[in-house]
>>> print(open('target25.txt').read())   # compact mmCIF, C-alpha atoms
# COMPACT_ATOMS: atom_id res chain seq x y z
CA MET Z 1 71.35 88.09 84.98
CA ALA Z 2 74.72 86.36 84.60
CA LYS Z 3 74.91 83.37 82.32
CA ASP Z 4 75.07 79.89 83.85
CA PRO Z 5 78.83 79.45 84.58
CA TYR Z 6 78.94 75.95 83.09
CA GLN Z 7 77.41 77.24 79.86
CA ALA Z 8 79.72 80.26 79.90
CA LEU Z 9 82.78 77.97 79.92
CA GLY Z 10 81.20 75.32 77.70
CA VAL Z 11 81.69 72.46 80.16
CA ALA Z 12 79.40 69.84 81.69
CA ARG Z 13 78.21 70.21 85.28
CA GLY Z 14 80.35 67.23 86.26
CA ALA Z 15 83.51 68.69 84.69
CA THR Z 16 86.77 68.21 86.58
CA GLU Z 17 88.86 71.09 87.91
CA ALA Z 18 91.39 70.48 85.11
CA GLU Z 19 88.66 70.59 82.44
CA ILE Z 20 87.29 73.85 83.85
CA ARG Z 21 90.75 75.41 83.97
CA SER Z 22 91.51 74.27 80.41
CA ALA Z 23 88.22 75.68 79.10
CA TYR Z 24 88.89 79.03 80.77
CA ARG Z 25 92.43 79.23 79.42
CA LYS Z 26 91.17 78.72 75.85
CA LEU Z 27 88.45 81.36 76.20
CA ALA Z 28 90.76 83.84 77.95
CA LYS Z 29 93.39 83.45 75.25
CA LYS Z 30 90.80 83.91 72.49
CA HIS Z 31 88.85 86.84 73.95
CA HIS Z 32 91.48 88.72 76.01
CA PRO Z 33 91.18 92.52 75.46
CA ASP Z 34 94.88 92.72 74.55
CA VAL Z 35 94.20 90.36 71.63
CA ASN Z 36 90.94 92.10 70.63
CA PRO Z 37 91.49 95.84 71.16
CA GLY Z 38 88.24 97.79 70.85
CA ASN Z 39 86.11 94.65 70.44
CA LYS Z 40 83.32 95.10 72.99
CA GLN Z 41 81.80 91.68 72.23
CA ALA Z 42 85.12 89.94 72.94
CA GLU Z 43 85.55 92.03 76.11
CA GLU Z 44 82.12 90.98 77.38
CA ARG Z 45 82.84 87.34 76.55
CA PHE Z 46 86.14 87.59 78.46
CA LYS Z 47 84.40 89.10 81.50
CA GLU Z 48 81.70 86.42 81.32
CA ALA Z 49 84.27 83.61 81.22
CA SER Z 50 86.32 85.18 84.05
CA ALA Z 51 83.26 85.50 86.27
CA ALA Z 52 82.27 81.89 85.56
CA TYR Z 53 85.77 80.64 86.34
CA ALA Z 54 85.97 82.69 89.55
CA LEU Z 55 82.88 80.84 90.77
CA LEU Z 56 83.60 77.31 89.52
CA SER Z 57 87.28 77.31 90.52
CA ASP Z 58 86.30 77.85 94.15
CA PRO Z 59 85.15 74.42 95.44
CA GLU Z 60 82.93 75.95 98.12
CA LYS Z 61 81.24 78.43 95.78
CA ARG Z 62 80.79 75.76 93.12
CA ALA Z 63 79.14 73.39 95.60
CA ARG Z 64 76.86 76.16 96.84
CA PHE Z 65 75.89 77.08 93.27
CA ASP Z 66 75.16 73.43 92.45
CA ARG Z 67 72.91 73.25 95.53
CA GLY Z 68 71.11 76.44 94.46
CA GLU Z 69 72.32 78.45 97.47
CA ILE Z 70 73.93 81.15 95.28
CA ASP Z 71 73.26 82.31 91.75
CA ALA Z 72 75.67 82.69 88.82
CA GLU Z 73 76.76 86.07 90.19
CA GLY Z 74 77.58 84.58 93.58
CA GLN Z 75 74.59 86.25 95.22
CA GLU Z 76 72.70 84.47 97.97
CA GLN Z 77 69.45 82.78 96.99
CA ALA Z 78 66.68 83.18 99.55
CA PRO Z 79 65.95 79.74 101.07
CA PHE Z 80 62.60 78.45 102.34
CA GLY Z 81 61.24 80.59 105.19
CA PHE Z 82 63.48 83.59 104.42
CA GLY Z 83 62.08 86.83 103.03
CA GLY Z 84 61.85 87.48 99.30
CA GLY Z 85 60.63 84.07 98.12
CA THR Z 86 57.23 82.54 97.42
CA HIS Z 87 57.51 80.26 100.49
CA ARG Z 88 57.56 83.01 103.18
CA SER Z 89 56.57 81.69 106.59
CA SER Z 90 53.83 83.81 108.19
CA GLY Z 91 54.96 82.77 111.66
CA ALA Z 92 58.57 83.87 111.26
CA GLY Z 93 59.90 86.28 113.85
CA PRO Z 94 61.77 89.56 113.43
CA GLY Z 95 64.51 89.47 110.79
CA PHE Z 96 62.71 86.86 108.72
CA ALA Z 97 59.43 88.53 107.77
CA GLY Z 98 60.88 91.31 105.61
CA ALA Z 99 62.61 91.11 102.23
CA GLU Z 100 66.02 91.92 103.74
CA ASP Z 101 69.23 91.11 101.95
CA PHE Z 102 70.54 87.70 103.02
CA SER Z 103 74.00 89.13 103.68
CA ASP Z 104 72.45 91.50 106.25
CA ILE Z 105 70.94 88.50 108.03
CA PHE Z 106 74.34 86.87 108.23
CA SER Z 107 75.85 90.09 109.56
CA GLU Z 108 73.22 90.10 112.32
CA LEU Z 109 73.72 86.42 113.15
CA PHE Z 110 77.51 86.39 113.18
CA GLY Z 111 78.36 90.02 113.86
CA ARG Z 112 77.19 90.03 117.50
CA GLY Z 113 77.94 87.87 120.49
CA MET Z 114 75.50 86.29 122.95
CA GLY Z 115 75.31 89.49 124.99
CA GLY Z 116 74.65 91.72 122.01
CA GLU Z 117 78.19 93.09 121.92
CA ALA Z 118 79.69 93.64 118.48
CA ARG Z 119 81.99 90.85 117.34
CA ARG Z 120 84.72 91.83 114.90
CA MET Z 121 85.13 89.37 112.07
CA ARG Z 122 87.56 89.60 109.17
CA GLY Z 123 86.01 89.50 105.70
CA GLN Z 124 86.56 86.45 103.52
CA ASP Z 125 89.38 86.29 101.00
CA GLN Z 126 88.08 86.19 97.45
CA HIS Z 127 89.78 84.33 94.60
CA TYR Z 128 90.05 85.56 91.01
CA ARG Z 129 92.00 84.83 87.81
CA LEU Z 130 93.74 87.44 85.66
CA GLY Z 131 94.94 86.62 82.16
CA ILE Z 132 97.96 88.62 81.00
CA ALA Z 133 100.16 88.71 77.90
CA PHE Z 134 103.54 86.95 77.94
CA LEU Z 135 105.47 90.23 77.73
CA ASP Z 136 103.53 91.64 80.69
CA SER Z 137 104.95 88.80 82.81
CA ILE Z 138 108.48 89.57 81.57
CA LEU Z 139 108.49 93.36 81.87
CA GLY Z 140 105.68 94.05 84.35
CA ALA Z 141 102.49 96.01 83.63
CA THR Z 142 99.37 97.53 85.17
CA ARG Z 143 96.15 95.76 84.26
CA ARG Z 144 92.52 96.18 85.32
CA LEU Z 145 90.55 93.21 86.60
CA THR Z 146 86.76 93.36 86.32
CA LEU Z 147 85.05 91.49 89.16
CA PRO Z 148 81.78 89.52 88.91
CA ASP Z 149 79.96 92.22 90.90
CA GLY Z 150 80.93 94.92 88.41
CA ARG Z 151 83.74 96.47 90.45
CA SER Z 152 87.21 96.68 88.98
CA LEU Z 153 90.66 96.48 90.54
CA GLU Z 154 93.87 98.00 89.24
CA VAL Z 155 96.49 95.25 89.42
CA LYS Z 156 100.19 96.14 89.23
CA VAL Z 157 101.71 93.00 87.75
CA PRO Z 158 105.39 92.80 88.77
CA ALA Z 159 108.13 91.91 86.30
CA GLY Z 160 109.11 88.25 86.48
CA ILE Z 161 105.77 86.87 87.66
CA GLU Z 162 105.12 83.32 86.44
CA ASP Z 163 102.08 81.47 85.21
CA GLY Z 164 100.08 80.14 88.17
CA GLN Z 165 101.52 82.55 90.76
CA THR Z 166 99.03 84.30 93.07
CA MET Z 167 99.04 87.99 93.94
CA ARG Z 168 97.44 89.26 97.17
CA LEU Z 169 95.66 92.62 97.19
CA LYS Z 170 95.07 93.48 100.84
CA GLY Z 171 91.64 94.75 101.79
CA GLN Z 172 90.10 94.09 98.37
CA GLY Z 173 88.16 90.96 99.35
CA GLY Z 174 84.94 90.42 101.31
CA GLN Z 175 83.70 93.14 103.67
CA GLY Z 176 84.51 92.76 107.36
CA ILE Z 177 81.73 92.31 109.94
CA GLY Z 178 81.31 94.35 113.11
CA GLY Z 179 84.11 96.71 112.16
CA GLY Z 180 86.48 93.87 111.33
CA PRO Z 181 89.06 94.28 108.52
CA ASP Z 182 88.14 93.47 104.94
CA GLY Z 183 89.48 90.28 103.42
CA ASP Z 184 92.03 90.14 100.61
CA ALA Z 185 91.69 89.53 96.88
CA LEU Z 186 93.84 86.59 95.80
CA ILE Z 187 94.55 86.83 92.09
CA GLU Z 188 96.01 83.87 90.20
CA ILE Z 189 97.97 84.96 87.14
CA VAL Z 190 97.39 83.13 83.85
CA VAL Z 191 100.14 83.92 81.30
CA ALA Z 192 99.26 83.53 77.63
CA PRO Z 193 101.90 81.80 75.45
CA HIS Z 194 103.96 83.87 72.99
CA PRO Z 195 104.40 82.92 69.32
CA GLN Z 196 108.18 83.52 69.41
CA PHE Z 197 109.51 83.60 72.95
CA ARG Z 198 109.85 80.75 75.43
CA ARG Z 199 110.78 81.25 79.07
CA GLU Z 200 113.11 79.14 81.22
CA GLY Z 201 113.58 80.62 84.67
CA ASN Z 202 114.65 84.23 84.07
CA ASP Z 203 116.01 83.52 80.60
CA ILE Z 204 114.20 83.92 77.28
CA HIS Z 205 114.72 81.64 74.26
CA VAL Z 206 113.96 82.45 70.64
CA GLU Z 207 114.80 80.95 67.23
CA ALA Z 208 116.26 83.09 64.42
CA PRO Z 209 116.20 81.86 60.80
CA VAL Z 210 119.47 82.42 58.85
CA THR Z 211 120.35 81.80 55.22
CA LEU Z 212 123.13 79.48 54.08
CA ALA Z 213 125.24 82.51 53.15
CA GLU Z 214 124.74 84.14 56.57
CA ALA Z 215 125.65 80.91 58.36
CA VAL Z 216 128.80 80.25 56.29
CA LEU Z 217 130.04 83.80 55.68
CA GLY Z 218 128.70 85.44 58.83
CA GLY Z 219 126.80 88.70 58.94
CA LYS Z 220 124.41 90.87 60.90
CA ILE Z 221 120.75 89.98 61.46
CA GLU Z 222 117.88 91.49 63.43
CA VAL Z 223 116.32 89.43 66.23
CA PRO Z 224 113.35 90.17 68.53
CA THR Z 225 113.73 90.81 72.26
CA PRO Z 226 111.06 91.67 74.88
CA THR Z 227 112.01 95.36 74.63
CA GLY Z 228 112.24 95.49 70.83
CA PRO Z 229 114.41 94.20 67.97
CA VAL Z 230 118.22 94.36 68.16
CA THR Z 231 121.00 93.62 65.67
CA VAL Z 232 123.36 90.70 66.38
CA THR Z 233 126.38 89.32 64.57
CA VAL Z 234 126.25 85.77 63.20
CA PRO Z 235 129.77 84.30 63.44
CA LYS Z 236 131.33 82.84 60.30
CA HIS Z 237 130.90 79.07 59.87
CA SER Z 238 127.84 78.95 62.13
CA ASP Z 239 125.60 75.90 61.98
CA SER Z 240 121.92 75.31 62.55
CA GLY Z 241 121.57 75.12 66.33
CA THR Z 242 124.35 77.61 67.06
CA ARG Z 243 123.29 79.63 70.10
CA LEU Z 244 124.01 83.31 70.75
CA ARG Z 245 123.62 85.00 74.15
CA LEU Z 246 122.23 88.50 74.65
CA ARG Z 247 123.06 89.59 78.19
CA GLY Z 248 120.27 91.23 80.18
CA LYS Z 249 117.66 90.80 77.45
CA GLY Z 250 115.60 88.20 79.32
CA VAL Z 251 113.19 88.71 82.23
CA ALA Z 252 113.56 92.24 83.62
CA ALA Z 253 115.42 92.65 86.91
CA HIS Z 254 113.08 92.19 89.89
CA GLY Z 255 113.62 91.93 93.63
CA SER Z 256 117.01 90.40 94.26
CA HIS Z 257 117.12 88.88 90.77
CA ALA Z 258 119.27 90.41 88.06
CA ALA Z 259 117.88 90.63 84.54
CA GLY Z 260 117.96 87.31 82.70
CA ASN Z 261 119.54 86.65 79.31
CA GLU Z 262 118.05 85.97 75.91
CA TYR Z 263 119.38 82.98 73.98
CA VAL Z 264 119.06 83.07 70.19
CA THR Z 265 119.23 79.70 68.45
CA LEU Z 266 120.09 79.88 64.75
CA ARG Z 267 117.92 77.84 62.38
CA LEU Z 268 119.29 77.28 58.88
CA VAL Z 269 116.87 78.04 56.03
CA ALA Z 270 117.98 76.87 52.56
CA GLY Z 271 116.05 79.56 50.69
CA PRO Z 272 115.98 79.73 46.86
CA VAL Z 273 118.32 77.29 45.09
CA ASP Z 274 119.63 78.08 41.61
CA PRO Z 275 121.87 76.05 39.24
CA GLU Z 276 125.02 77.88 40.41
CA LEU Z 277 124.37 76.89 44.04
CA GLU Z 278 123.65 73.32 42.99
CA GLN Z 279 126.95 73.12 41.09
CA ALA Z 280 128.90 74.64 43.98
CA LEU Z 281 127.37 72.18 46.45
CA ARG Z 282 127.99 69.27 44.10
CA GLU Z 283 131.69 70.17 43.90
CA TRP Z 284 131.81 70.64 47.70
CA ALA Z 285 130.24 67.23 48.24
CA GLU Z 286 132.81 65.59 45.96
CA ARG Z 287 135.69 67.18 47.87
CA HIS Z 288 134.21 66.12 51.25
CA ALA Z 289 132.73 62.75 50.35
CA SER Z 290 133.99 61.24 53.62
CA PHE Z 291 132.00 63.65 55.81
CA ASP Z 292 128.99 61.95 57.45
CA ALA Z 293 126.60 64.53 58.94
CA ARG Z 294 124.54 61.89 60.79
CA ALA Z 295 127.63 60.37 62.42
CA ALA Z 296 128.91 63.81 63.41
CA THR Z 297 125.57 64.56 65.06
CA VAL Z 298 125.58 61.30 67.03
CA GLU Z 299 129.16 61.87 68.23
CA SER Z 300 128.42 65.37 69.44
>>> encode(input="target25.txt", output="structure tokens")
Amino acid sequence: MAKDPYQALGVARGATEAEIRSAYRKLAKKHHPDVNPGNKQAEERFKEASAAYALLSDPEKRARFDRGEIDAEGQEQAPFGFGGGTHRSSGAGPGFAGAEDFSDIFSELFGRGMGGEARRMRGQDQHYRLGIAFLDSILGATRRLTLPDGRSLEVKVPAGIEDGQTMRLKGQGGQGIGGGPDGDALIEIVVAPHPQFRREGNDIHVEAPVTLAEAVLGGKIEVPTPTGPVTVTVPKHSDSGTRLRLRGKGVAAHGSHAAGNEYVTLRLVAGPVDPELEQALREWAERHASFDARAATVES
């Protein structure tokens, strides 16, 4: 039996939508299979949190769960007078005396018209969340989503997708009634943050530490990009905050959008200081005593 969804996310029954979303994000980031390769316990915890969020993020399903109409797995609970419970009515007519599945009863009630003719009804759309790594959203990837009922869907995540965007998988939702088409699976993408990269539109931003010697004298350094490290040239007389552009190293090309750029911002790191460096800086300071770094920053 699935764990109570509120307990699975660690939130109170009266939690707001924002609190539920925040709790899921934290658990998804901590237990995502990409972060815990081969860890079955983390994988199960991730599936448990995803199933709980799929139920509680849907206002209708959450209300039905709170009223006891469905269980933690989203399955119908047999109400009073319906088969399968301890309160079976002995005077119930056909369709209510047996222990039939509740979904079959609904198919019978809504799948046929007044004259007994079959009525085609489209299946319901079903909503899910899929947590992906930052680089998956930049380059694209194929990921597998495990559903609360145990099924799994192969999701082809396109390059350039953003946090909060929804993908539609046609025919992967609720089953149609009376020969009607199946509903769709609507999958909201949750992108985990990256320790180095930051995205702005289709561009990627990253900081690169440089030594005093590299900034003043120039040189070559290695910087990370979504597709792997590359070597760039630091111009002579660079300063902390100098920005370099790497064309086409941002979000991969997708649709009508060309590949974005990566912007590398240099960050000066003093590093080890010895007596010779101290003396050289002391002499430099004496020669440039009129230079005011704070004033220069304000003016720029």
>>> closest_residue(input="target25.txt", among="Z:Arg62, Z:Arg267, Z:Lys47, Z:Lys30", to="Glu17 of chain Z", atoms="all atoms listed in the file")
Z:Arg62
>>> closest_residue(input="target25.txt", among="Z:Asn202, Z:Thr265, Z:Thr211, Z:Gln172", to="Arg122 of chain Z", atoms="only C-alpha atoms")
Z:Gln172
>>> atom_distance(input="target25.txt", atom1="atom CA of Gly178 of chain Z", atom2="atom CA of Pro59 of chain Z")
26.9 Å
>>> residues_around(input="target25.txt", residues="Ala54 of chain Z", least_positions_apart="3", cutoff="7 Å", atoms="only C-alpha atoms", output="list in words")
Ser50, Ala51, Ser57, Asp58, His127, Tyr128 and Arg129 of chain Z
>>> write_last_selection(input="target25.txt", atoms="C-alpha atoms", output="PDB file, in the frame of the given file")
ATOM      1  CA  SER Z  50      86.320  85.180  84.050  1.00  0.00           C
ATOM      2  CA  ALA Z  51      83.260  85.500  86.270  1.00  0.00           C
ATOM      3  CA  SER Z  57      87.280  77.310  90.520  1.00  0.00           C
ATOM      4  CA  ASP Z  58      86.300  77.850  94.150  1.00  0.00           C
ATOM      5  CA  HIS Z 127      89.780  84.330  94.600  1.00  0.00           C
ATOM      6  CA  TYR Z 128      90.050  85.560  91.010  1.00  0.00           C
ATOM      7  CA  ARG Z 129      92.000  84.830  87.810  1.00  0.00           C
TER       8      ARG Z 129
END
>>> closest_residue(input="target25.txt", among="Z:Glu222, Z:Asp125, Z:Asp136, Z:Asp149", to="Gly176 of chain Z", atoms="all atoms listed in the file")
Z:Asp125
>>> residues_near_point(input="target25.txt", point="(71.7, 79.4, 92.8)", cutoff="12 Å", atoms="only C-alpha atoms", output="PyMOL selection string")
chain Z and resi 1-5+55+61-79
>>> closest_residue(input="target25.txt", among="Z:Val251, Z:Met167, Z:Leu153, Z:Val232", to="Glu200 of chain Z", atoms="all atoms listed in the file")
Z:Val251
>>> residues_around(input="target25.txt", residues="Ala192 of chain Z", least_positions_apart="3", cutoff="12 Å", atoms="only C-alpha atoms", output="PDB file with C-alpha atoms, keeping the file's coordinate frame")
ATOM      1  CA  TYR Z  24      88.890  79.030  80.770  1.00  0.00           C
ATOM      2  CA  ARG Z  25      92.430  79.230  79.420  1.00  0.00           C
ATOM      3  CA  LYS Z  26      91.170  78.720  75.850  1.00  0.00           C
ATOM      4  CA  LEU Z  27      88.450  81.360  76.200  1.00  0.00           C
ATOM      5  CA  ALA Z  28      90.760  83.840  77.950  1.00  0.00           C
ATOM      6  CA  LYS Z  29      93.390  83.450  75.250  1.00  0.00           C
ATOM      7  CA  LYS Z  30      90.800  83.910  72.490  1.00  0.00           C
ATOM      8  CA  HIS Z  31      88.850  86.840  73.950  1.00  0.00           C
ATOM      9  CA  HIS Z  32      91.480  88.720  76.010  1.00  0.00           C
ATOM     10  CA  ASP Z  34      94.880  92.720  74.550  1.00  0.00           C
ATOM     11  CA  VAL Z  35      94.200  90.360  71.630  1.00  0.00           C
ATOM     12  CA  LEU Z 130      93.740  87.440  85.660  1.00  0.00           C
ATOM     13  CA  GLY Z 131      94.940  86.620  82.160  1.00  0.00           C
ATOM     14  CA  ILE Z 132      97.960  88.620  81.000  1.00  0.00           C
ATOM     15  CA  ALA Z 133     100.160  88.710  77.900  1.00  0.00           C
ATOM     16  CA  PHE Z 134     103.540  86.950  77.940  1.00  0.00           C
ATOM     17  CA  LEU Z 135     105.470  90.230  77.730  1.00  0.00           C
ATOM     18  CA  ASP Z 136     103.530  91.640  80.690  1.00  0.00           C
ATOM     19  CA  SER Z 137     104.950  88.800  82.810  1.00  0.00           C
ATOM     20  CA  ILE Z 138     108.480  89.570  81.570  1.00  0.00           C
ATOM     21  CA  GLU Z 162     105.120  83.320  86.440  1.00  0.00           C
ATOM     22  CA  ASP Z 163     102.080  81.470  85.210  1.00  0.00           C
ATOM     23  CA  GLY Z 164     100.080  80.140  88.170  1.00  0.00           C
ATOM     24  CA  ILE Z 189      97.970  84.960  87.140  1.00  0.00           C
ATOM     25  CA  PRO Z 195     104.400  82.920  69.320  1.00  0.00           C
ATOM     26  CA  PHE Z 197     109.510  83.600  72.950  1.00  0.00           C
ATOM     27  CA  ARG Z 198     109.850  80.750  75.430  1.00  0.00           C
ATOM     28  CA  ARG Z 199     110.780  81.250  79.070  1.00  0.00           C
TER      29      ARG Z 199
END
>>> closest_residue(input="target25.txt", among="Z:Gly171, Z:Pro229, Z:Pro235, Z:Gly150", to="Val216 of chain Z", atoms="all atoms listed in the file")
Z:Pro235
>>> closest_residue(input="target25.txt", among="Z:Asn261, Z:Gln124, Z:Thr166, Z:Ser238", to="His205 of chain Z", atoms="only C-alpha atoms")
Z:Asn261
>>> atom_distance(input="target25.txt", atom1="atom CA of Leu266 of chain Z", atom2="atom CA of Gly140 of chain Z")
28.2 Å
>>> atom_distance(input="target25.txt", atom1="atom CA of Val264 of chain Z", atom2="atom CA of Leu246 of chain Z")
7.7 Å
>>> closest_atom_pairs(input="target25.txt", of="segment 170-250 of chain Z", to="segment 285-297 of chain Z", cutoff="12 Å", atoms="all atoms listed in the file", output="JSON lines")
{"residue": "Z:Asp239", "atom": "CA", "partner": "Z:Thr297", "partner_atom": "CA", "distance": 11.8}
{"residue": "Z:Ser240", "atom": "CA", "partner": "Z:Thr297", "partner_atom": "CA", "distance": 11.6}
{"residue": "Z:Gly241", "atom": "CA", "partner": "Z:Thr297", "partner_atom": "CA", "distance": 11.4}
>>> axis_aligned_box(input="target25.txt", around="segment 192-209 of chain Z", padding_each_side="3 Å", output="JSON")
{"center_x": 107.8, "center_y": 81.7, "center_z": 72.7, "size_x": 23.0, "size_y": 11.1, "size_z": 29.9}
>>> decode(input="target25.txt", residues="segment 173-261 of chain Z", atoms="C-alpha atoms", output="PDB file, in the first residue's frame")
ATOM      1  CA  GLY Z 173      -3.419   9.363 -19.948  1.00  0.00           C
ATOM      2  CA  GLY Z 174      -6.685   7.842 -18.726  1.00  0.00           C
ATOM      3  CA  GLN Z 175      -8.360   5.100 -20.762  1.00  0.00           C
ATOM      4  CA  GLY Z 176     -11.188   6.131 -23.082  1.00  0.00           C
ATOM      5  CA  ILE Z 177     -14.744   4.860 -22.524  1.00  0.00           C
ATOM      6  CA  GLY Z 178     -16.941   3.210 -25.148  1.00  0.00           C
ATOM      7  CA  GLY Z 179     -14.138   3.126 -27.680  1.00  0.00           C
ATOM      8  CA  GLY Z 180     -13.251   6.774 -27.112  1.00  0.00           C
ATOM      9  CA  PRO Z 181      -9.610   7.936 -27.398  1.00  0.00           C
ATOM     10  CA  ASP Z 182      -7.300   7.755 -24.404  1.00  0.00           C
ATOM     11  CA  GLY Z 183      -6.420  10.970 -22.621  1.00  0.00           C
ATOM     12  CA  ASP Z 184      -2.961  12.531 -22.585  1.00  0.00           C
ATOM     13  CA  ALA Z 185      -0.203  12.564 -19.982  1.00  0.00           C
ATOM     14  CA  LEU Z 186       0.758  16.129 -19.078  1.00  0.00           C
ATOM     15  CA  ILE Z 187       4.251  16.176 -17.614  1.00  0.00           C
ATOM     16  CA  GLU Z 188       5.557  19.266 -15.833  1.00  0.00           C
ATOM     17  CA  ILE Z 189       9.344  19.495 -15.982  1.00  0.00           C
ATOM     18  CA  VAL Z 190      11.252  20.340 -12.791  1.00  0.00           C
ATOM     19  CA  VAL Z 191      14.878  21.337 -13.535  1.00  0.00           C
ATOM     20  CA  ALA Z 192      17.412  20.856 -10.755  1.00  0.00           C
ATOM     21  CA  PRO Z 193      19.887  23.734 -10.233  1.00  0.00           C
ATOM     22  CA  HIS Z 194      23.529  23.308 -11.314  1.00  0.00           C
ATOM     23  CA  PRO Z 195      26.489  24.096  -9.039  1.00  0.00           C
ATOM     24  CA  GLN Z 196      28.326  26.052 -11.775  1.00  0.00           C
ATOM     25  CA  PHE Z 197      25.996  27.047 -14.592  1.00  0.00           C
ATOM     26  CA  ARG Z 198      23.196  29.604 -14.577  1.00  0.00           C
ATOM     27  CA  ARG Z 199      20.745  30.030 -17.434  1.00  0.00           C
ATOM     28  CA  GLU Z 200      19.348  33.266 -18.884  1.00  0.00           C
ATOM     29  CA  GLY Z 201      17.157  32.631 -21.898  1.00  0.00           C
ATOM     30  CA  ASN Z 202      19.267  30.509 -24.247  1.00  0.00           C
ATOM     31  CA  ASP Z 203      22.566  31.717 -22.789  1.00  0.00           C
ATOM     32  CA  ILE Z 204      24.630  30.057 -20.062  1.00  0.00           C
ATOM     33  CA  HIS Z 205      26.667  31.962 -17.458  1.00  0.00           C
ATOM     34  CA  VAL Z 206      29.594  30.630 -15.444  1.00  0.00           C
ATOM     35  CA  GLU Z 207      32.351  32.119 -13.258  1.00  0.00           C
ATOM     36  CA  ALA Z 208      36.022  31.244 -13.814  1.00  0.00           C
ATOM     37  CA  PRO Z 209      38.632  31.931 -11.097  1.00  0.00           C
ATOM     38  CA  VAL Z 210      41.917  33.467 -12.364  1.00  0.00           C
ATOM     39  CA  THR Z 211      45.145  34.291 -10.579  1.00  0.00           C
ATOM     40  CA  LEU Z 212      46.639  37.778 -10.381  1.00  0.00           C
ATOM     41  CA  ALA Z 213      49.318  36.737 -12.872  1.00  0.00           C
ATOM     42  CA  GLU Z 214      46.753  35.369 -15.351  1.00  0.00           C
ATOM     43  CA  ALA Z 215      44.668  38.537 -15.104  1.00  0.00           C
ATOM     44  CA  VAL Z 216      47.623  40.927 -15.553  1.00  0.00           C
ATOM     45  CA  LEU Z 217      49.806  38.957 -17.961  1.00  0.00           C
ATOM     46  CA  GLY Z 218      47.090  37.028 -19.783  1.00  0.00           C
ATOM     47  CA  GLY Z 219      47.150  33.322 -20.481  1.00  0.00           C
ATOM     48  CA  LYS Z 220      45.105  30.251 -21.289  1.00  0.00           C
ATOM     49  CA  ILE Z 221      42.694  28.633 -18.822  1.00  0.00           C
ATOM     50  CA  GLU Z 222      40.221  25.760 -18.961  1.00  0.00           C
ATOM     51  CA  VAL Z 223      36.532  26.518 -18.379  1.00  0.00           C
ATOM     52  CA  PRO Z 224      33.498  24.187 -18.217  1.00  0.00           C
ATOM     53  CA  THR Z 225      30.760  24.158 -20.859  1.00  0.00           C
ATOM     54  CA  PRO Z 226      27.627  21.959 -21.117  1.00  0.00           C
ATOM     55  CA  THR Z 227      29.421  19.715 -23.633  1.00  0.00           C
ATOM     56  CA  GLY Z 228      32.741  19.528 -21.761  1.00  0.00           C
ATOM     57  CA  PRO Z 229      35.704  21.738 -20.815  1.00  0.00           C
ATOM     58  CA  VAL Z 230      37.328  24.056 -23.377  1.00  0.00           C
ATOM     59  CA  THR Z 231      40.439  26.245 -23.322  1.00  0.00           C
ATOM     60  CA  VAL Z 232      40.008  30.033 -23.546  1.00  0.00           C
ATOM     61  CA  THR Z 233      42.462  32.915 -23.662  1.00  0.00           C
ATOM     62  CA  VAL Z 234      42.431  35.477 -20.845  1.00  0.00           C
ATOM     63  CA  PRO Z 235      43.373  38.861 -22.350  1.00  0.00           C
ATOM     64  CA  LYS Z 236      46.243  40.790 -20.766  1.00  0.00           C
ATOM     65  CA  HIS Z 237      45.225  43.390 -18.162  1.00  0.00           C
ATOM     66  CA  SER Z 238      41.912  41.665 -17.440  1.00  0.00           C
ATOM     67  CA  ASP Z 239      40.061  42.571 -14.263  1.00  0.00           C
ATOM     68  CA  SER Z 240      37.718  40.709 -11.956  1.00  0.00           C
ATOM     69  CA  GLY Z 241      34.353  40.860 -13.712  1.00  0.00           C
ATOM     70  CA  THR Z 242      35.788  40.761 -17.232  1.00  0.00           C
ATOM     71  CA  ARG Z 243      33.406  38.714 -19.369  1.00  0.00           C
ATOM     72  CA  LEU Z 244      34.351  36.388 -22.230  1.00  0.00           C
ATOM     73  CA  ARG Z 245      31.866  35.037 -24.799  1.00  0.00           C
ATOM     74  CA  LEU Z 246      31.917  31.497 -26.164  1.00  0.00           C
ATOM     75  CA  ARG Z 247      29.684  31.399 -29.239  1.00  0.00           C
ATOM     76  CA  GLY Z 248      27.267  28.480 -29.517  1.00  0.00           C
ATOM     77  CA  LYS Z 249      28.222  26.980 -26.148  1.00  0.00           C
ATOM     78  CA  GLY Z 250      24.907  27.782 -24.443  1.00  0.00           C
ATOM     79  CA  VAL Z 251      21.550  26.028 -24.829  1.00  0.00           C
ATOM     80  CA  ALA Z 252      21.668  23.635 -27.796  1.00  0.00           C
ATOM     81  CA  ALA Z 253      19.891  24.698 -30.990  1.00  0.00           C
ATOM     82  CA  HIS Z 254      16.209  23.741 -30.919  1.00  0.00           C
ATOM     83  CA  GLY Z 255      13.249  24.500 -33.163  1.00  0.00           C
ATOM     84  CA  SER Z 256      13.791  27.883 -34.766  1.00  0.00           C
ATOM     85  CA  HIS Z 257      16.277  28.912 -32.065  1.00  0.00           C
ATOM     86  CA  ALA Z 258      19.996  28.940 -32.765  1.00  0.00           C
ATOM     87  CA  ALA Z 259      22.360  27.680 -30.086  1.00  0.00           C
ATOM     88  CA  GLY Z 260      22.884  30.171 -27.269  1.00  0.00           C
ATOM     89  CA  ASN Z 261      26.225  31.483 -26.019  1.00  0.00           C
TER      90      ASN Z 261
END
